[in-house]
file input-v4.txt (compact mmCIF, C-alpha atoms)
# COMPACT_ATOMS: atom_id res chain seq x y z
CA MET A 1 22.46 6.04 -13.10
CA THR A 2 19.70 7.05 -15.51
CA VAL A 3 16.10 5.95 -15.27
CA ALA A 4 16.51 3.90 -18.42
CA THR A 5 19.08 1.65 -16.75
CA LEU A 6 16.71 0.69 -13.92
CA ALA A 7 15.44 -2.60 -15.31
CA ILE A 8 14.55 -5.81 -13.48
CA ARG A 9 15.83 -9.10 -14.86
CA LYS A 10 13.94 -12.10 -13.52
CA GLY A 11 15.59 -15.46 -13.08
CA ARG A 12 15.76 -18.63 -11.02
CA LYS A 13 16.67 -16.87 -7.75
CA PHE A 14 14.46 -13.82 -8.22
CA ASP A 15 11.91 -14.80 -5.56
CA GLN A 16 14.72 -15.81 -3.23
CA VAL A 17 16.26 -12.34 -3.51
CA LEU A 18 12.87 -10.70 -3.03
CA ASP A 19 12.12 -12.72 0.12
CA GLY A 20 15.50 -11.86 1.61
CA ALA A 21 15.08 -8.18 0.79
CA ARG A 22 11.61 -8.14 2.33
CA GLN A 23 13.00 -9.49 5.61
CA VAL A 24 15.83 -6.96 5.74
CA PHE A 25 13.72 -3.95 4.72
CA MET A 26 11.03 -4.87 7.26
CA SER A 27 13.69 -5.16 9.94
CA ASP A 28 16.08 -2.32 9.09
CA GLY A 29 14.15 0.07 6.86
CA PHE A 30 15.43 1.40 3.56
CA GLU A 31 18.42 3.42 4.76
CA GLY A 32 19.54 0.79 7.25
CA ALA A 33 19.32 -2.12 4.82
CA SER A 34 22.68 -2.94 3.27
CA VAL A 35 23.13 -4.84 0.03
CA ASP A 36 25.55 -7.17 1.83
CA GLU A 37 22.92 -8.05 4.44
CA ILE A 38 20.21 -8.57 1.81
CA ALA A 39 22.50 -10.91 -0.14
CA ARG A 40 23.37 -12.80 3.06
CA VAL A 41 19.74 -13.27 4.14
CA ALA A 42 18.71 -14.22 0.60
CA ASN A 43 21.65 -16.65 0.42
CA VAL A 44 22.87 -15.29 -2.91
CA SER A 45 25.99 -13.48 -4.05
CA LYS A 46 26.03 -9.70 -4.45
CA ALA A 47 26.64 -10.27 -8.15
CA THR A 48 23.43 -12.29 -8.38
CA LEU A 49 21.51 -9.63 -6.47
CA TYR A 50 22.80 -6.82 -8.70
CA SER A 51 22.05 -8.86 -11.82
CA TYR A 52 18.37 -8.78 -10.84
CA PHE A 53 18.24 -5.35 -9.21
CA PRO A 54 20.92 -2.84 -10.27
CA ASP A 55 19.71 -0.28 -7.71
CA LYS A 56 18.54 -0.67 -4.10
CA ARG A 57 15.62 1.69 -4.75
CA LEU A 58 14.37 -0.65 -7.45
CA LEU A 59 14.61 -3.62 -5.10
CA PHE A 60 12.75 -1.74 -2.38
CA MET A 61 9.98 -0.76 -4.79
CA GLU A 62 9.61 -4.34 -5.99
CA VAL A 63 9.25 -5.45 -2.37
CA ALA A 64 6.82 -2.57 -1.75
CA THR A 65 4.62 -3.28 -4.74
CA SER A 66 4.49 -7.02 -4.04
CA GLU A 67 3.58 -6.26 -0.43
CA CYS A 68 0.80 -3.90 -1.57
CA GLN A 69 -0.53 -6.59 -3.88
CA ARG A 70 -0.42 -9.14 -1.05
CA GLN A 71 -2.30 -6.78 1.27
CA ALA A 72 -4.93 -6.19 -1.41
CA ARG A 73 -5.38 -9.94 -1.98
CA ASP A 74 -5.68 -10.59 1.76
CA ALA A 75 -8.28 -7.85 2.15
CA LEU A 76 -10.35 -9.02 -0.82
CA ASP A 77 -10.21 -12.64 0.37
CA SER A 78 -11.36 -11.75 3.89
CA ILE A 79 -14.14 -9.24 3.15
CA ASP A 80 -17.65 -10.27 2.11
CA MET A 81 -18.42 -7.66 -0.53
CA GLU A 82 -22.13 -8.52 -0.35
CA ALA A 83 -22.39 -7.66 3.35
CA SER A 84 -23.95 -4.38 4.46
CA PRO A 85 -22.11 -1.21 3.36
CA ARG A 86 -21.26 -0.41 6.97
CA GLU A 87 -19.57 -3.79 7.42
CA VAL A 88 -17.75 -3.70 4.08
CA LEU A 89 -16.52 -0.14 4.60
CA THR A 90 -15.41 -0.84 8.17
CA GLN A 91 -13.43 -3.96 7.28
CA THR A 92 -11.88 -2.32 4.22
CA ALA A 93 -10.89 0.78 6.18
CA MET A 94 -9.33 -1.31 8.96
CA HIS A 95 -7.16 -3.21 6.47
CA PHE A 96 -6.20 -0.03 4.66
CA LEU A 97 -5.38 2.05 7.73
CA ARG A 98 -3.44 -0.69 9.50
CA PHE A 99 -1.20 -1.01 6.45
CA ILE A 100 -0.56 2.67 5.75
CA THR A 101 0.15 3.39 9.44
CA SER A 102 2.55 0.45 9.77
CA GLY A 103 6.27 1.15 9.81
CA PHE A 104 6.66 -0.52 6.43
CA GLY A 105 3.72 1.36 4.93
CA GLN A 106 5.18 4.68 6.04
CA ARG A 107 8.62 3.79 4.64
CA ILE A 108 7.08 2.92 1.27
CA PHE A 109 5.35 6.30 1.12
CA ARG A 110 8.46 8.26 2.14
CA ILE A 111 10.70 6.52 -0.39
CA CYS A 112 8.16 7.07 -3.17
CA VAL A 113 7.99 10.77 -2.40
CA ALA A 114 11.75 11.14 -2.01
CA GLU A 115 12.63 9.34 -5.24
CA SER A 116 9.66 10.10 -7.50
CA GLU A 117 11.25 13.18 -9.09
CA ARG A 118 14.45 11.40 -10.14
CA PHE A 119 12.77 8.05 -10.81
CA PRO A 120 9.14 8.81 -11.68
CA GLU A 121 8.36 5.31 -12.91
CA LEU A 122 9.00 3.97 -9.41
CA GLY A 123 6.28 6.22 -8.04
CA ARG A 124 3.94 5.22 -10.85
CA LYS A 125 4.60 1.55 -10.24
CA PHE A 126 3.80 1.92 -6.55
CA TYR A 127 0.65 3.94 -7.29
CA ASN A 128 -0.60 1.34 -9.76
CA SER A 129 0.02 -1.55 -7.37
CA GLY A 130 -1.40 0.13 -4.25
CA PRO A 131 -3.58 3.27 -4.34
CA ALA A 132 -4.93 2.55 -7.83
CA VAL A 133 -5.96 -0.97 -6.82
CA PHE A 134 -7.76 0.36 -3.73
CA ARG A 135 -9.51 3.00 -5.85
CA ALA A 136 -10.62 0.54 -8.54
CA GLU A 137 -11.85 -2.10 -6.09
CA MET A 138 -13.81 0.42 -4.04
CA ALA A 139 -15.31 1.99 -7.17
CA ALA A 140 -16.42 -1.45 -8.37
CA TYR A 141 -17.94 -2.20 -4.97
CA PHE A 142 -19.80 1.11 -4.91
CA GLU A 143 -21.31 0.38 -8.31
CA GLN A 144 -22.51 -3.02 -7.09
CA ALA A 145 -23.88 -1.56 -3.85
CA GLU A 146 -25.78 1.10 -5.77
CA THR A 147 -27.25 -1.56 -8.05
CA ARG A 148 -28.50 -3.35 -4.93
CA GLY A 149 -30.06 -0.10 -3.71
CA GLU A 150 -27.71 0.26 -0.72
CA LEU A 151 -25.85 3.40 -1.79
CA ARG A 152 -26.53 6.42 -4.01
CA ILE A 153 -23.37 7.50 -5.83
CA ASP A 154 -22.94 9.37 -9.10
CA ASP A 155 -19.13 9.22 -9.39
CA TYR A 156 -17.76 5.91 -8.09
CA ALA A 157 -14.09 6.82 -8.49
CA MET A 158 -14.56 10.13 -6.69
CA ALA A 159 -16.38 8.38 -3.85
CA ALA A 160 -13.50 5.89 -3.59
CA ASP A 161 -10.99 8.75 -3.35
CA GLN A 162 -13.12 10.50 -0.73
CA PHE A 163 -13.37 7.36 1.39
CA GLY A 164 -9.63 6.84 1.23
CA GLU A 165 -9.00 10.40 2.38
CA LEU A 166 -11.51 10.07 5.22
CA CYS A 167 -9.55 7.02 6.41
CA LYS A 168 -6.34 9.10 6.52
CA ALA A 169 -7.81 11.79 8.76
CA ASP A 170 -5.87 12.64 11.92
CA LEU A 171 -3.52 9.64 12.24
CA TRP A 172 -1.84 9.58 8.83
CA PRO A 173 -0.55 13.18 8.69
CA ARG A 174 0.64 13.07 12.31
CA LEU A 175 2.60 9.90 11.61
CA ILE A 176 4.11 11.17 8.37
CA PHE A 177 5.22 14.46 9.94
CA GLY A 178 6.61 12.76 13.04
CA VAL A 179 4.14 14.25 15.52
CA VAL A 180 3.52 10.71 16.80
CA SER A 181 5.64 7.60 16.27
CA SER A 182 2.93 4.93 16.49
CA VAL A 183 -0.82 4.44 16.72
CA SER A 184 -2.97 1.92 18.56
CA ASP A 185 -5.79 -0.24 17.26
CA ALA A 186 -8.15 1.93 19.31
CA ASP A 187 -6.85 5.02 17.46
CA ILE A 188 -7.40 3.29 14.13
CA ARG A 189 -10.89 2.16 15.10
CA ARG A 190 -11.86 5.70 16.10
CA VAL A 191 -10.82 7.08 12.71
CA VAL A 192 -12.47 4.20 10.84
CA ASP A 193 -15.78 4.56 12.69
CA ASN A 194 -15.87 8.28 11.94
CA ALA A 195 -14.89 7.76 8.30
CA VAL A 196 -17.66 5.22 7.78
CA GLU A 197 -20.26 7.39 9.52
CA THR A 198 -19.30 10.44 7.47
CA PHE A 199 -19.28 8.50 4.20
CA LEU A 200 -22.68 6.87 4.84
CA ALA A 201 -24.17 10.22 5.87
CA ARG A 202 -23.38 11.42 2.34
CA TYR A 203 -23.97 8.29 0.25
CA ALA A 204 -26.32 5.87 2.06
CA ALA A 205 -29.51 5.17 0.11

call {"tool": "encode", "arguments": {"input": "input-v4.txt", "output": "structure tokens"}}
result
Amino acid sequence: MTVATLAIRKGRKFDQVLDGARQVFMSDGFEGASVDEIARVANVSKATLYSYFPDKRLLFMEVATSECQRQARDALDSIDMEASPREVLTQTAMHFLRFITSGFGQRIFRICVAESERFPELGRKFYNSGPAVFRAEMAAYFEQAETRGELRIDDYAMAADQFGELCKADLWPRLIFGVVSSVSDADIRRVVDNAVETFLARYAA
């Protein structure tokens, strides 16, 4: 199958298929999720499923991108962007790290890496719905915080990238490379506290 054939066709049962796929992928992962099981849980025929998503990778990426968008909306709705930088950074980092260290977050990353060479638009779609959203929202916040005199930052996008990388320290690489299989909230909090302290040491006004 060529990249050009990977097209989504939306229709009346599109959301139904997506909800069923989300349940199965969350439960069984990408490799363990069968098209038969997804069709059963979604209560649609395999023909209907394939008419919307001709490839399981495409279905997984649609679930992944919609989940990233949902996580971003939840974070933005729950964080007071006019609070102190320490509070905003801490809450943002907790949301971000909890997602990327979750089983589903790790599966999204692994599939993107595994399939990005053959299907580069899938990787781009994920990046634009997840990492790019985080980067843009943080850059916009940094600009506002600097205007209020709370931070001193010359390059907002670079600062957003740096903060994201600080949040990945220690836990993320060990999870991805299988050194550990899970992390606790205490582990996440330790990384977040250190990320925030390091970032503010560089950029606090």

call {"tool": "closest_atom_pairs", "arguments": {"input": "input-v4.txt", "of": "region 71-148 of chain A", "to": "region 17-29 of chain A", "cutoff": "12 Å", "atoms": "all atoms listed in the file", "output": "Markdown table"}}
result
| residue | atom | partner | partner_atom | distance |
| --- | --- | --- | --- | --- |
| A:Ser102 | CA | A:Met26 | CA | 10.3 |
| A:Gly103 | CA | A:Met26 | CA | 8.1 |
| A:Phe104 | CA | A:Met26 | CA | 6.2 |
| A:Gly105 | CA | A:Met26 | CA | 9.9 |
| A:Gln106 | CA | A:Gly29 | CA | 10.1 |
| A:Arg107 | CA | A:Gly29 | CA | 7.0 |
| A:Ile108 | CA | A:Gly29 | CA | 9.5 |
| A:Arg110 | CA | A:Gly29 | CA | 11.0 |
| A:Ile111 | CA | A:Gly29 | CA | 10.3 |

call {"tool": "residues_around", "arguments": {"input": "input-v4.txt", "residues": "Leu49 (chain A)", "least_positions_apart": "6", "cutoff": "9 Å", "atoms": "only C-alpha atoms", "output": "list in words"}}
result
Lys13, Phe14, Val17, Val35, Ile38, Ala39 and Ala42 of chain A

call {"tool": "write_last_selection", "arguments": {"input": "input-v4.txt", "atoms": "C-alpha atoms", "output": "PDB file, in the frame of the given file"}}
result
ATOM      1  CA  LYS A  13      16.670 -16.870  -7.750  1.00  0.00           C
ATOM      2  CA  PHE A  14      14.460 -13.820  -8.220  1.00  0.00           C
ATOM      3  CA  VAL A  17      16.260 -12.340  -3.510  1.00  0.00           C
ATOM      4  CA  VAL A  35      23.130  -4.840   0.030  1.00  0.00           C
ATOM      5  CA  ILE A  38      20.210  -8.570   1.810  1.00  0.00           C
ATOM      6  CA  ALA A  39      22.500 -10.910  -0.140  1.00  0.00           C
ATOM      7  CA  ALA A  42      18.710 -14.220   0.600  1.00  0.00           C
TER       8      ALA A  42
END

call {"tool": "closest_residue", "arguments": {"input": "input-v4.txt", "among": "A:Ile188, A:Ala93, A:Met81, A:Ala114", "to": "Ala140 (chain A)", "atoms": "only C-alpha atoms"}}
result
A:Met81

call {"tool": "axis_aligned_box", "arguments": {"input": "input-v4.txt", "around": "region 168-179 of chain A", "padding_each_side": "6 Å", "output": "AutoDock Vina command-line options"}}
result
--center_x -0.6 --center_y 11.8 --center_z 11.0 --size_x 26.4 --size_y 17.4 --size_z 21.0

call {"tool": "atom_distance", "arguments": {"input": "input-v4.txt", "atom1": "CA of Glu31 (chain A)", "atom2": "CA of Pro131 (chain A)"}}
result
23.8 Å

call {"tool": "residues_around", "arguments": {"input": "input-v4.txt", "residues": "Tyr141 (chain A)", "least_positions_apart": "6", "cutoff": "10 Å", "atoms": "all atoms listed in the file", "output": "number ranges by chain"}}
result
A: 81-82, 85, 88-89, 135, 147, 156, 160

call {"tool": "closest_residue", "arguments": {"input": "input-v4.txt", "among": "A:Ala47, A:Ile153, A:Leu166, A:Leu171", "to": "Arg202 (chain A)", "atoms": "all atoms listed in the file"}}
result
A:Ile153

call {"tool": "atom_distance", "arguments": {"input": "input-v4.txt", "atom1": "CA of Val191 (chain A)", "atom2": "CA of Ala169 (chain A)"}}
result
6.8 Å

call {"tool": "atom_distance", "arguments": {"input": "input-v4.txt", "atom1": "CA of Ser116 (chain A)", "atom2": "CA of Leu58 (chain A)"}}
result
11.7 Å

call {"tool": "residues_around", "arguments": {"input": "input-v4.txt", "residues": "Glu115 (chain A)", "least_positions_apart": "6", "cutoff": "9 Å", "atoms": "only C-alpha atoms", "output": "ChimeraX atom specification"}}
result
/A:57,122-123

call {"tool": "write_last_selection", "arguments": {"input": "input-v4.txt", "atoms": "C-alpha atoms", "output": "short mmCIF file (atom, residue, chain, number, x, y, z; two decimals), keeping the file's coordinate frame"}}
result
data_model
loop_
_atom_site.label_atom_id
_atom_site.label_comp_id
_atom_site.auth_asym_id
_atom_site.auth_seq_id
_atom_site.Cartn_x
_atom_site.Cartn_y
_atom_site.Cartn_z
CA ARG A 57 15.62 1.69 -4.75
CA LEU A 122 9.00 3.97 -9.41
CA GLY A 123 6.28 6.22 -8.04
#

call {"tool": "closest_residue", "arguments": {"input": "input-v4.txt", "among": "A:Phe53, A:Phe99, A:Phe134, A:Phe60", "to": "Trp172 (chain A)", "atoms": "only C-alpha atoms"}}
result
A:Phe99

call {"tool": "residues_around", "arguments": {"input": "input-v4.txt", "residues": "Phe126 (chain A)", "least_positions_apart": "6", "cutoff": "10 Å", "atoms": "all atoms listed in the file", "output": "list in words"}}
result
Met61, Glu62, Ala64, Thr65, Ser66, Cys68, Gln69, Ile108, Phe109, Cys112 and Ala132 of chain A

call {"tool": "closest_residue", "arguments": {"input": "input-v4.txt", "among": "A:Lys46, A:Arg40, A:Ala205, A:Thr90", "to": "Gly149 (chain A)", "atoms": "all atoms listed in the file"}}
result
A:Ala205

call {"tool": "residues_around", "arguments": {"input": "input-v4.txt", "residues": "Ser184 (chain A)", "least_positions_apart": "2", "cutoff": "12 Å", "atoms": "only C-alpha atoms", "output": "compact mmCIF listing (two decimals) with C-alpha atoms, in the frame of the given file"}}
result
# COMPACT_ATOMS: atom_id res chain seq x y z
CA MET A 94 -9.33 -1.31 8.96
CA LEU A 97 -5.38 2.05 7.73
CA ARG A 98 -3.44 -0.69 9.50
CA THR A 101 0.15 3.39 9.44
CA SER A 102 2.55 0.45 9.77
CA LEU A 171 -3.52 9.64 12.24
CA LEU A 175 2.60 9.90 11.61
CA VAL A 180 3.52 10.71 16.80
CA SER A 181 5.64 7.60 16.27
CA SER A 182 2.93 4.93 16.49
CA ALA A 186 -8.15 1.93 19.31
CA ASP A 187 -6.85 5.02 17.46
CA ILE A 188 -7.40 3.29 14.13
CA ARG A 189 -10.89 2.16 15.10
CA ARG A 190 -11.86 5.70 16.10
CA VAL A 191 -10.82 7.08 12.71

call {"tool": "closest_residue", "arguments": {"input": "input-v4.txt", "among": "A:Phe163, A:Phe119, A:Tyr52, A:Tyr203", "to": "Thr92 (chain A)", "atoms": "only C-alpha atoms"}}
result
A:Phe163
